[in-house]
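Visitor: Mind looking over this structure? Questions follow.
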Amino acid sequence: MTIADLDLEIQREPFARPFGFKGSAFHEKWNAVVRLRSEEGVEAFGVGGFAPLWSDPDVFAAHTEAGGNVLMLAILERGMALARECGAGHPMDILDAILPPVEEYARVVTRNAHLRRTFTLNALVALDSALWMLYTRSEGVSSFDGLVPRTCRAHLTERRERIAAVPAIGYTLPMESVRELLDAGTFVLKIKVGHPGDDAEMLDKDRAWLTRLHELARRYETPMTDCGSPVYYLDANGRYREKDGMRRLLDHAAEIDMLDRVILVEEPFDEAFDFDVSDLPARFAADESLHVPDDVAVRAQQGYGAMAIKPAGKTLSMGFRMIEATREAGAIPFVADNACVPWLVDWNKVVAARLPAFPGVRAGMMETNGRQNYATWETLLTSVPHGGASWLKPDSGAFVLDDEFYRRSAGMFADPTPYSDLFR
């Protein structure tokens with residue numbers, strides 16, 4: 001599998017409203033589309049959505065929103081050029097070879113000597129996806145199970161019938177939209193905390209936010225959780241600077257009878273603070289602070305019991321390695337989203353479908369927040385090659401996965417129209 005030709009396009013998808021988290025917000029998703037062609041004439045495509053605010057808020061703050069995305073585009077193009085120079089190779093070997101020089105280039109173009117690796121990985125998702133598709137087409141692999149690396153196969157053996165479709169409740173989402181989600185049967189809410197402001201303002205706003213949401217959600221019942229009620233997954237995106245602040249937030253959750261429904265608290269602190277969380281009254285997860293597999297063991301030693309896997313956020317190649325490291329550390333892997341368009345939601349879904357059920361939830365679990373963020377979501381659903389497939393839309397809060405889902409590997413082996421149609 002030697003790359004002979006390559007090309008790159010971009011597609012911009014506006015949000016219905018600003019998506020607020022990390023004390024800021026962004027307004028659209030830039031989707032990069034990579035086309036690769038081998039010396040044998042095999043052609044393949046990859047799609048990846050840029051998330052500069054999520055992957056490195058310092059870069060996001062230093063540039064316009066468009067500027068942060070343009071930097072990611074430049075990093076991706078550099079990665080593509082280096083991948084072509086690699087010659088033949090497995091997708092994971094190619095990523096290993098190009099990542100160090102791409103990171104060096106990324107630090108230069110962002111003028112950030114401390115650039116987070118997650119920023120570079122996020123920029124490379126479309127390339128990594130295209131490499132996997134070129135590899136499978138060149139090798140005659142036609143199923144997701146067939147492409148899973150040997151070292152990861154033992155960790156991806158489940159065939160879930162249901163995956164909880166977990167929406168992200170950003171602080172700009174109207175309460176009426178939250179009510180509609182609950183009325184539709186949603187049984188896990190991912191609640192963004194870490195409001196704008198200094199530490200005291202943030203905590204006050206977060207406590208008021210939890211109170212409002214719990215007052216609404218506590219009235220609902222569901223057969224899909226162990227407690228019989230909707231459960232919560234809090235995501236601070238590294239906004240808390242003090243352990244005491246997080247303790248006080250959880251104390252407030254206990255005071256309003258909410259804490260026993262909190263199944264997870266994700267990325268509570270900025271990664272510069274190496275706090276041990278084992279004495280805090282919740283299960284904690286790491287996300288954007290996981291840059292390499294070795295980070296998983298570090299976080300596990302600090303009391304983190306779960307790790308977010310981001311096939312569409314940090315590359316499928318890194319996702320496989322993160323799953324291995326998570327299981328070896330005795331932690332729980334689960335899949336999370338980056339305001340993904342439907343094509344990338346299904347790339348996440350084929351991984352989530354093969355992971356164990358999440359504790360407290362009677363199903364697999366996967367964050368997916370596109371429906372809350374894109375005004376054209378229904379159109380996006382019908383535009384994918386497998387538009388109309390039963391697994392695309394949640395039913396009573398869960399994606400229902402049938403034999404066709406597994407037979408077709410969620411449609412991931414088809415060309416990603418309409419994105420692949422951008423090339424003339």
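Labels used: A, B, ... for chains in the order of the structure tokens, numbers from 1 for residues in each chain, and numbers from 1 for ligands as shown.
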Name all residues at most 10 Å from A:Leu73 (count only C-alpha atoms; drop same-chain ones fewer than 6 positions away) and give them as a PyMOL selection string.

Guide: chain A and resi 8-10+30-32+50+67+79+123-124

Visitor: Keeping only N, CA and C atoms, write the selected residues to a file as a compact mmCIF listing (two decimals), in the first residue's frame.

Guide:
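Everything below was put into selection11.txt:
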```
# COMPACT_ATOMS: atom_id res chain seq x y z
N LEU A 8 -7.02 17.01 -0.82
CA LEU A 8 -7.64 17.48 0.43
C LEU A 8 -8.72 18.50 0.12
N GLU A 9 -9.85 18.36 0.79
CA GLU A 9 -10.95 19.32 0.70
C GLU A 9 -11.44 19.63 2.10
N ILE A 10 -12.23 20.69 2.22
CA ILE A 10 -12.81 21.07 3.50
C ILE A 10 -14.28 21.39 3.31
N TRP A 30 -15.56 22.32 11.05
CA TRP A 30 -14.82 22.15 9.81
C TRP A 30 -14.53 20.65 9.63
N ASN A 31 -15.04 20.08 8.56
CA ASN A 31 -14.80 18.67 8.26
C ASN A 31 -13.79 18.56 7.13
N ALA A 32 -12.64 17.97 7.43
CA ALA A 32 -11.61 17.75 6.41
C ALA A 32 -11.89 16.43 5.70
N PHE A 50 -12.58 18.93 12.77
CA PHE A 50 -11.64 19.68 13.60
C PHE A 50 -12.32 20.17 14.88
N GLY A 67 -9.23 30.84 12.29
CA GLY A 67 -7.78 30.70 12.33
C GLY A 67 -7.33 29.41 12.97
N GLY A 79 0.96 16.37 7.42
CA GLY A 79 0.90 14.94 7.70
C GLY A 79 0.69 14.12 6.44
N ALA A 123 -6.15 16.88 14.24
CA ALA A 123 -5.94 17.35 12.87
C ALA A 123 -5.72 16.19 11.90
N LEU A 124 -5.23 15.05 12.39
CA LEU A 124 -4.85 13.93 11.53
C LEU A 124 -5.94 12.88 11.36
```

Visitor: Applying 8 Å and only C-alpha atoms, which residues near stretch 88-97 of chain A remain after dropping the ones on its own chain fewer than 2 positions away? List them as a PyMOL selection string.

Guide: chain A and resi 1-3+83+86+99-100+128+131-132+135+317

Visitor: Please run DSSP on the backbone and report, as a ChimeraX atom specification, all residues within stretch 179-330 of chain A that come out as helix (DSSP H, G or I).

Guide: /A:179-183,199-217,243-255,259-261,294-301,311-314,316-328

Visitor: If you count only C-alpha atoms, which residues fall within 7 Å of stretch 349-366 of chain A, apart from same-chain ones fewer than 5 positions away, as a list of chain:residue names?

Guide: A:Leu156, A:Thr157, A:Glu158, A:Arg159, A:Arg160, A:Arg162, A:Ile163, A:Ala164, A:Ala165, A:Val166, A:Met224, A:Thr225, A:Asp226, A:Ile263, A:Phe334, A:Val335, A:Ala336, A:Ser409, A:Ala410

Visitor: Can you spit out the residues from that selection as a short mmCIF file (atom, residue, chain, number, x, y, z; two decimals), in the first residue's frame, using N, CA and C atoms?

Guide:
```
data_model
loop_
_atom_site.label_atom_id
_atom_site.label_comp_id
_atom_site.auth_asym_id
_atom_site.auth_seq_id
_atom_site.Cartn_x
_atom_site.Cartn_y
_atom_site.Cartn_z
N LEU A 156 -12.40 -6.11 22.17
CA LEU A 156 -13.51 -5.64 21.34
C LEU A 156 -14.35 -6.83 20.89
N THR A 157 -14.83 -7.59 21.86
CA THR A 157 -15.54 -8.84 21.56
C THR A 157 -17.05 -8.75 21.75
N GLU A 158 -17.53 -7.67 22.34
CA GLU A 158 -18.98 -7.55 22.58
C GLU A 158 -19.73 -7.31 21.27
N ARG A 159 -21.00 -7.62 21.28
CA ARG A 159 -21.92 -7.24 20.19
C ARG A 159 -23.16 -6.66 20.85
N ARG A 160 -23.07 -5.41 21.24
CA ARG A 160 -24.15 -4.77 21.97
C ARG A 160 -25.39 -4.63 21.09
N ARG A 162 -27.80 -2.54 22.20
CA ARG A 162 -28.17 -1.13 22.42
C ARG A 162 -26.97 -0.34 22.94
N ILE A 163 -26.89 0.89 22.47
CA ILE A 163 -25.89 1.83 22.98
C ILE A 163 -26.63 3.10 23.39
N ALA A 164 -26.46 3.51 24.64
CA ALA A 164 -27.06 4.77 25.08
C ALA A 164 -26.53 5.91 24.22
N ALA A 165 -27.45 6.67 23.62
CA ALA A 165 -27.09 7.85 22.82
C ALA A 165 -27.06 9.04 23.77
N VAL A 166 -25.88 9.45 24.17
CA VAL A 166 -25.72 10.44 25.23
C VAL A 166 -25.55 11.84 24.64
N MET A 224 -33.70 1.62 31.65
CA MET A 224 -32.37 1.41 31.07
C MET A 224 -31.22 1.75 32.01
N THR A 225 -31.53 2.13 33.26
CA THR A 225 -30.48 2.36 34.24
C THR A 225 -30.76 1.54 35.49
N ASP A 226 -29.73 1.25 36.25
CA ASP A 226 -29.90 0.45 37.46
C ASP A 226 -30.75 1.16 38.50
N ILE A 263 -22.94 9.10 37.27
CA ILE A 263 -22.17 7.88 36.99
C ILE A 263 -20.74 8.18 36.56
N PHE A 334 -14.87 3.87 27.19
CA PHE A 334 -16.15 4.23 26.59
C PHE A 334 -15.88 5.25 25.50
N VAL A 335 -16.80 5.39 24.57
CA VAL A 335 -16.58 6.24 23.40
C VAL A 335 -17.29 7.58 23.57
N ALA A 336 -16.63 8.64 23.15
CA ALA A 336 -17.21 9.98 23.24
C ALA A 336 -17.04 10.72 21.92
N SER A 409 -20.89 -3.19 9.02
CA SER A 409 -19.94 -2.39 9.81
C SER A 409 -20.35 -0.92 9.82
N ALA A 410 -21.66 -0.70 10.04
CA ALA A 410 -22.24 0.65 10.11
C ALA A 410 -22.02 1.45 8.83
#
```

Visitor: If we count only C-alpha atoms, what is near A:Leu216 at a cut-off of 12 Å, once residues fewer than 5 positions away on the same chain are taken out, given as a tab-separated table (two decimals) with N, CA and C atoms, in the first residue's frame?

Guide:
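And here's around-v4.tsv as it stands now:
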```tsv
chain	number	residue	atom	x	y	z
A	175	MET	N	-33.51	24.94	27.97
A	175	MET	CA	-34.08	23.92	28.85
A	175	MET	C	-35.20	23.15	28.15
A	176	GLU	N	-35.90	23.80	27.24
A	176	GLU	CA	-36.95	23.10	26.50
A	176	GLU	C	-36.35	21.98	25.65
A	177	SER	N	-35.15	22.17	25.14
A	177	SER	CA	-34.49	21.11	24.37
A	177	SER	C	-34.13	19.94	25.27
A	178	VAL	N	-33.74	20.22	26.50
A	178	VAL	CA	-33.44	19.15	27.45
A	178	VAL	C	-34.71	18.36	27.75
A	179	ARG	N	-35.82	19.06	27.94
A	179	ARG	CA	-37.10	18.40	28.19
A	179	ARG	C	-37.47	17.49	27.01
A	180	GLU	N	-37.26	17.96	25.80
A	180	GLU	CA	-37.57	17.14	24.62
A	180	GLU	C	-36.73	15.88	24.59
A	181	LEU	N	-35.47	15.98	24.97
A	181	LEU	CA	-34.60	14.80	25.02
A	181	LEU	C	-35.12	13.78	26.03
A	182	LEU	N	-35.50	14.26	27.19
A	182	LEU	CA	-36.01	13.37	28.23
A	182	LEU	C	-37.35	12.76	27.82
A	183	ASP	N	-38.20	13.55	27.20
A	183	ASP	CA	-39.49	13.03	26.71
A	183	ASP	C	-39.28	11.93	25.67
A	189	LEU	N	-27.53	11.85	30.46
A	189	LEU	CA	-27.27	13.23	30.04
A	189	LEU	C	-25.82	13.57	30.33
A	209	TRP	N	-26.70	25.50	37.63
A	209	TRP	CA	-26.97	24.73	36.41
A	209	TRP	C	-27.38	23.30	36.76
A	210	LEU	N	-26.65	22.66	37.68
A	210	LEU	CA	-27.00	21.30	38.09
A	210	LEU	C	-28.37	21.28	38.76
A	211	THR	N	-28.65	22.28	39.57
A	211	THR	CA	-29.95	22.33	40.25
A	211	THR	C	-31.09	22.40	39.23
A	221	GLU	N	-38.56	8.51	34.62
A	221	GLU	CA	-38.17	7.14	34.94
A	221	GLU	C	-37.72	6.43	33.67
A	229	SER	N	-33.85	5.76	36.93
A	229	SER	CA	-34.02	7.17	36.57
A	229	SER	C	-32.91	7.58	35.61
A	230	PRO	N	-33.08	8.67	34.87
A	230	PRO	CA	-31.98	9.17	34.05
A	230	PRO	C	-30.75	9.46	34.91
A	258	MET	N	-28.70	14.48	43.96
A	258	MET	CA	-28.31	14.22	42.58
A	258	MET	C	-27.11	13.29	42.47
```

Visitor: Given only C-alpha atoms as the basis, pick out the residue of A:Tyr406, A:Phe273, A:Phe284, A:Phe320 nearest to A:Asp346.

Guide: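 The closest residue to A:Asp346 is A:Tyr406.
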